[in-house]
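Peer 1: Got a structure for you, written out below as structure tokens; questions coming shortly.
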There are 2 protein chains.
Amino acid sequence: MNRENHSLGQKVFQRIRGDILKGNYKRGEELKEKAICEEMGVSRTPVREALRQLELEGLVNIISNKGAYVVGFTPKDIKDIYEIRTVLESLCARWAAIRAEEEQIEVLEEIIYLTDFHVRKGNMDQVMKLGGKFHEILYEAGGSRILEQALQNYHHYLERVRTINLLSYQRAVESNEEHRRILEAIKEQDAKKAEDAITLHLANSVRDIDSYEWENITGGEKHEQN
Amino acid sequence: MNRENHSLGQKVFQRIRGDILKGNYKRGEELKEKAICEEMGVSRTPVREALRQLELEGLVNIISNKGAYVVGFTPKDIKDIYEIRTVLESLCARWAAIRAEEEQIEVLEEIIYLTDFHVRKGNMDQVMKLGGKFHEILYEAGGSRILEQALQNYHHYLERVRTINLLSYQRAVESNEEHRRILEAIKEQDAKKAEDAITLHLANSVRDIDSYEWENITGGEKHEQN
DNA sequence: TTGTATAAAATTGTTAATGGTATAAAAGAT
DNA sequence: ATCTTTTATACCATTAACAATTTTATACAA
């Protein structure tokens with residue numbers, strides 16, 4: 001999105017955000033400005049800016065003159081996000097089938113090829129990274145900055161879930177095969193096929209995740225979030 | 001979302017946001033902190049917080065140590081948003097058909113009834129307001145806070161477009177009739193019918209808007225962003 | 001005139017200090 | 001002992017001052 005934003009506030013934002021997404025904070029937990037300041041070694045202003053951004057993203061809930069509280073995700077939220085992602089990525093795939101540029105297709109092809117390699121070598125973190133990259137390029141290929149932003153957002157939300165998900169070797173192979181079919185459809189400019197392929201891909205991802213203990217992902221509740 | 005946030009920063013945020021959405025700023029225009037401070041009679045901190053939030057929303061683009069630039073919407077962006085809204089509201093309608101609570105259905109019914117009344121009286125701003133309310137309750141009826149937030153977001157984006165749109169009396173009557181059919185489907189708990197109804201509703205809305213001069217809505221470009 | 005180097009002004013990023021609000025503790029009344 | 005009132009404390013909101021960076025203006029040389 002923004003090429004480079006080296007401001008302190010932005011770093012604090014990323015860090016708190018990551019902590020929430022990784023589940024380091026419990027839901028409903030209060031985020032005290034001073035505590036964060038001391039922990040990160042910065043002043044209150046960048047922290048406040050970060051909290052305000054996080055509020056907009058729905059990750060924290062700010063009550064005036066009271067404090068900022070972690071909202072976090074319930075298991076249902078995550079399931080919802082997967083469904084939302086499904087309809088959104090379907091749309092994206094349809095658009096990509098029509099509007100994808102040659103260069104983007106080549107990059108996608110390269111990613112799939114590379115993934116095959118890393119899967120064989122058992123280099124799972126690389127596989128993970130490439131998987132993220134695949135979807136990123138796909139979002140770009142949709143040719144809509146609005147849709148791209150939305151999808152990137154949701155994708156970030158699910159980062160932690162995906163980490164757990166792709167631990168399975170079998171799933172990694174399968175997943176890349178599904179990616180291959182998506183790309184195939186795009187190359188054939190077959191919107192319907194692309195849509196179906198990505199729907200199946202996400203359905204399979206959810207199916208896999210469903211078997212995990214949700215509590216491990218979202219973190220236990222602390223107290224009611226209002 | 002947050003019941004009450006009377007902080008200055010929040011007001012500044014809403015105001016700048018509104019100005020961008022209303023087209024008071026041109027795309028690419030630089031937002032100077034000092035100028036906004038003086039205009040709104042506040043200090044720089046709330047302004048900075050607001051700008052940071054707007055960046056996250058994709059309405060402005062902040063470059064470190066340089067400035068904040070208005071991103072705004074192109075005609076294509078708006079068309080994209082309508083398509084995104086369509087798939088998202090379809091999903092929401094499906095969910096609402098299953099999970100809508102009795103109370104929400106009653107409110108929707110009341111809104112439609114009231115709209116009929118105000119349409120007859122030619123009270124168009126009330127009609128507009130009720131139209132917004134209808135969708136708001138519908139989002140709530142979907143029973144997913146994540147989806148609700150996303151839809152509210154996009155709905156806000158299109159506020160200005162809708163203002164122009166519903167100026168037509170004929171369209172107002174038609175629109176309420178479409179709302180009625182959506183509600184009908186939800187009451188029958190017919191997910192497919194609800195989905196189709198809302199898809200048609202939005203398609204009609206877009207069709208109407210398509211006939212307007214897009215430039216009037218988005219404002220002319222000033223210089224390249226970034 | 002054009003290009004570069006330097007200095008001044010403007011603007012942003014960050015910190016520190018001040019003011020206001022809500023929560024918690026303590027004192028007093030019933 | 002319990003409830004209300006008062007006081008004190010802690011925290012957030014806002015402002016003002018400071019530091020760093022960028023842009024603009026100026027001077028000089030080719």
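Chain lettering (A, B, ...) mirrors the order of the structure tokens, residue numbering begins at 1 for each chain separately, and ligand numbering begins at 1 in order of display.
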Using only C-alpha atoms (C1' of nucleotides), which chain B residues lie at most 8 Å away from chain C, written as a list in words?
Peer 2: Ser64, Asn65, Lys66 and Gly67 of chain B
Peer 1: Using N, CA and C atoms, can you export the residues from the last selection as a PDB file, in the first residue's frame?
Peer 2:
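So result-v4.pdb came out as:
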```pdb
ATOM      1  N   SER B  64       5.775   9.479   4.806  1.00  0.00           N
ATOM      2  CA  SER B  64       6.522   9.940   5.968  1.00  0.00           C
ATOM      3  C   SER B  64       7.273  11.232   5.701  1.00  0.00           C
ATOM      4  N   ASN B  65       7.168  12.143   6.608  1.00  0.00           N
ATOM      5  CA  ASN B  65       7.890  13.416   6.538  1.00  0.00           C
ATOM      6  C   ASN B  65       7.527  14.252   5.314  1.00  0.00           C
ATOM      7  N   LYS B  66       6.513  13.836   4.608  1.00  0.00           N
ATOM      8  CA  LYS B  66       6.108  14.618   3.449  1.00  0.00           C
ATOM      9  C   LYS B  66       4.713  15.182   3.626  1.00  0.00           C
ATOM     10  N   GLY B  67       3.734  14.311   3.735  1.00  0.00           N
ATOM     11  CA  GLY B  67       2.384  14.831   3.905  1.00  0.00           C
ATOM     12  C   GLY B  67       1.316  13.798   3.658  1.00  0.00           C
TER      13      GLY B  67
END
```
Peer 1: At a cut-off of 7 Å, list the chain A residues touching chain B, using only C-alpha atoms, as a ChimeraX atom specification.
Peer 2: /A:5-7,49,52-53,56,63-64,77,80,87,144,146
Peer 1: Starting from chain D, keep only residues with some atom at most 12 Å from an atom of chain A, counting only C-alpha atoms (C1' of nucleotides), and report them as a PyMOL selection string.
Peer 2: chain D and resi 10-14
Peer 1: For those residues, write N, CA and C atoms (P, O5', C5', C4', C3', O3' and C1' of nucleotides) to a file as an mmCIF file, in the first residue's frame.
Peer 2:
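Full text of selection-v2.cif as output:
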```cif
data_model
loop_
_atom_site.group_PDB
_atom_site.id
_atom_site.type_symbol
_atom_site.label_atom_id
_atom_site.label_comp_id
_atom_site.auth_asym_id
_atom_site.auth_seq_id
_atom_site.Cartn_x
_atom_site.Cartn_y
_atom_site.Cartn_z
ATOM 1 P P DA D 10 -1.720 6.724 41.755
ATOM 2 O "O5'" DA D 10 -2.390 6.229 40.405
ATOM 3 C "C5'" DA D 10 -3.548 5.378 40.453
ATOM 4 C "C4'" DA D 10 -4.264 5.421 39.117
ATOM 5 C "C3'" DA D 10 -3.328 5.453 37.914
ATOM 6 O "O3'" DA D 10 -3.781 4.504 36.956
ATOM 7 C "C1'" DA D 10 -4.856 7.242 37.791
ATOM 8 P P DC D 11 -2.792 4.033 35.784
ATOM 9 O "O5'" DC D 11 -3.558 4.535 34.478
ATOM 10 C "C5'" DC D 11 -4.957 4.261 34.337
ATOM 11 C "C4'" DC D 11 -5.581 5.340 33.488
ATOM 12 C "C3'" DC D 11 -4.857 5.616 32.176
ATOM 13 O "O3'" DC D 11 -5.555 4.988 31.111
ATOM 14 C "C1'" DC D 11 -5.675 7.610 33.238
ATOM 15 P P DC D 12 -5.009 5.136 29.586
ATOM 16 O "O5'" DC D 12 -5.917 6.294 28.978
ATOM 17 C "C5'" DC D 12 -7.322 6.193 29.065
ATOM 18 C "C4'" DC D 12 -7.960 7.537 28.755
ATOM 19 C "C3'" DC D 12 -7.705 8.063 27.340
ATOM 20 O "O3'" DC D 12 -8.925 8.573 26.807
ATOM 21 C "C1'" DC D 12 -7.054 9.689 28.916
ATOM 22 P P DA D 13 -8.915 9.131 25.271
ATOM 23 O "O5'" DA D 13 -8.714 10.690 25.480
ATOM 24 C "C5'" DA D 13 -9.820 11.457 25.923
ATOM 25 C "C4'" DA D 13 -9.556 12.941 25.715
ATOM 26 C "C3'" DA D 13 -9.151 13.351 24.288
ATOM 27 O "O3'" DA D 13 -9.912 14.488 23.920
ATOM 28 C "C1'" DA D 13 -7.500 14.079 25.835
ATOM 29 P P DT D 14 -9.711 15.149 22.477
ATOM 30 O "O5'" DT D 14 -8.652 16.303 22.777
ATOM 31 C "C5'" DT D 14 -8.941 17.230 23.822
ATOM 32 C "C4'" DT D 14 -7.777 18.164 24.040
ATOM 33 C "C3'" DT D 14 -7.186 18.767 22.757
ATOM 34 O "O3'" DT D 14 -7.509 20.148 22.740
ATOM 35 C "C1'" DT D 14 -5.493 18.096 24.320
#
```
Peer 1: If I take CA of Pro75 (chain A) and CA of Ile182 (chain A), how far is one from the other in Å, to one decimal?
Peer 2: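 Distance reported for this atom pair: 27.8 Å.
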Peer 1: Using the chain letters and numbers from this document, which residues of region 58-173 of chain B does DSSP assign to strand (DSSP E), as a VMD selection string?
Peer 2: chain B and resid 60 to 63 67 to 70
Peer 1: Suppose we keep N, CA and C atoms; can you now write the selection as a PDB file, in the first residue's frame?
Peer 2:
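Once everything was written out, this is selection_11.pdb:
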```pdb
ATOM      1  N   VAL B  60      -6.858   8.550   2.441  1.00  0.00           N
ATOM      2  CA  VAL B  60      -5.695   9.396   2.227  1.00  0.00           C
ATOM      3  C   VAL B  60      -4.439   8.537   2.202  1.00  0.00           C
ATOM      4  N   ASN B  61      -3.417   9.109   1.664  1.00  0.00           N
ATOM      5  CA  ASN B  61      -2.153   8.412   1.524  1.00  0.00           C
ATOM      6  C   ASN B  61      -1.086   9.222   2.242  1.00  0.00           C
ATOM      7  N   ILE B  62      -0.530   8.665   3.314  1.00  0.00           N
ATOM      8  CA  ILE B  62       0.460   9.395   4.089  1.00  0.00           C
ATOM      9  C   ILE B  62       1.864   8.959   3.696  1.00  0.00           C
ATOM     10  N   ILE B  63       2.691   9.928   3.388  1.00  0.00           N
ATOM     11  CA  ILE B  63       4.088   9.631   3.110  1.00  0.00           C
ATOM     12  C   ILE B  63       4.919  10.278   4.204  1.00  0.00           C
ATOM     13  N   GLY B  67       3.734  14.311   3.735  1.00  0.00           N
ATOM     14  CA  GLY B  67       2.384  14.831   3.905  1.00  0.00           C
ATOM     15  C   GLY B  67       1.316  13.798   3.658  1.00  0.00           C
ATOM     16  N   ALA B  68       0.078  14.249   3.777  1.00  0.00           N
ATOM     17  CA  ALA B  68      -1.073  13.382   3.560  1.00  0.00           C
ATOM     18  C   ALA B  68      -1.798  13.837   2.301  1.00  0.00           C
ATOM     19  N   TYR B  69      -2.092  12.888   1.430  1.00  0.00           N
ATOM     20  CA  TYR B  69      -2.711  13.229   0.164  1.00  0.00           C
ATOM     21  C   TYR B  69      -4.049  12.520   0.012  1.00  0.00           C
ATOM     22  N   VAL B  70      -5.031  13.254  -0.475  1.00  0.00           N
ATOM     23  CA  VAL B  70      -6.365  12.686  -0.643  1.00  0.00           C
ATOM     24  C   VAL B  70      -6.351  11.654  -1.759  1.00  0.00           C
TER      25      VAL B  70
END
```
Peer 1: Looking only at helix (DSSP H, G or I) from DSSP on the backbone, list the matching residues of region 3-221 of chain A as a VMD selection string.
Peer 2: chain A and resid 8 to 21 33 to 40 44 to 56 75 to 99 102 to 121 124 to 141 145 to 157 159 to 165 169 to 187 191 to 210 214 to 218
Peer 1: Find the residues around region 126-138 of chain B up to 7 Å (only C-alpha atoms (C1' of nucleotides) counted), leave out those fewer than 4 positions away in its own chain, and share them as a short mmCIF file (atom, residue, chain, number, x, y, z; two decimals) with C-alpha atoms, in the first residue's frame.
Peer 2:
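As a result, around21.cif now contains:
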```cif
data_model
loop_
_atom_site.label_atom_id
_atom_site.label_comp_id
_atom_site.auth_asym_id
_atom_site.auth_seq_id
_atom_site.Cartn_x
_atom_site.Cartn_y
_atom_site.Cartn_z
CA GLN B 104 -35.40 -6.92 13.45
CA LEU B 108 -37.74 -3.55 8.77
CA ILE B 111 -39.31 1.18 7.89
CA THR B 115 -41.13 4.99 3.67
CA HIS B 118 -42.93 9.76 3.24
CA VAL B 119 -42.75 8.93 -0.45
CA GLY B 142 -27.11 -10.94 9.05
CA LEU B 166 -32.80 8.83 -4.81
#
```
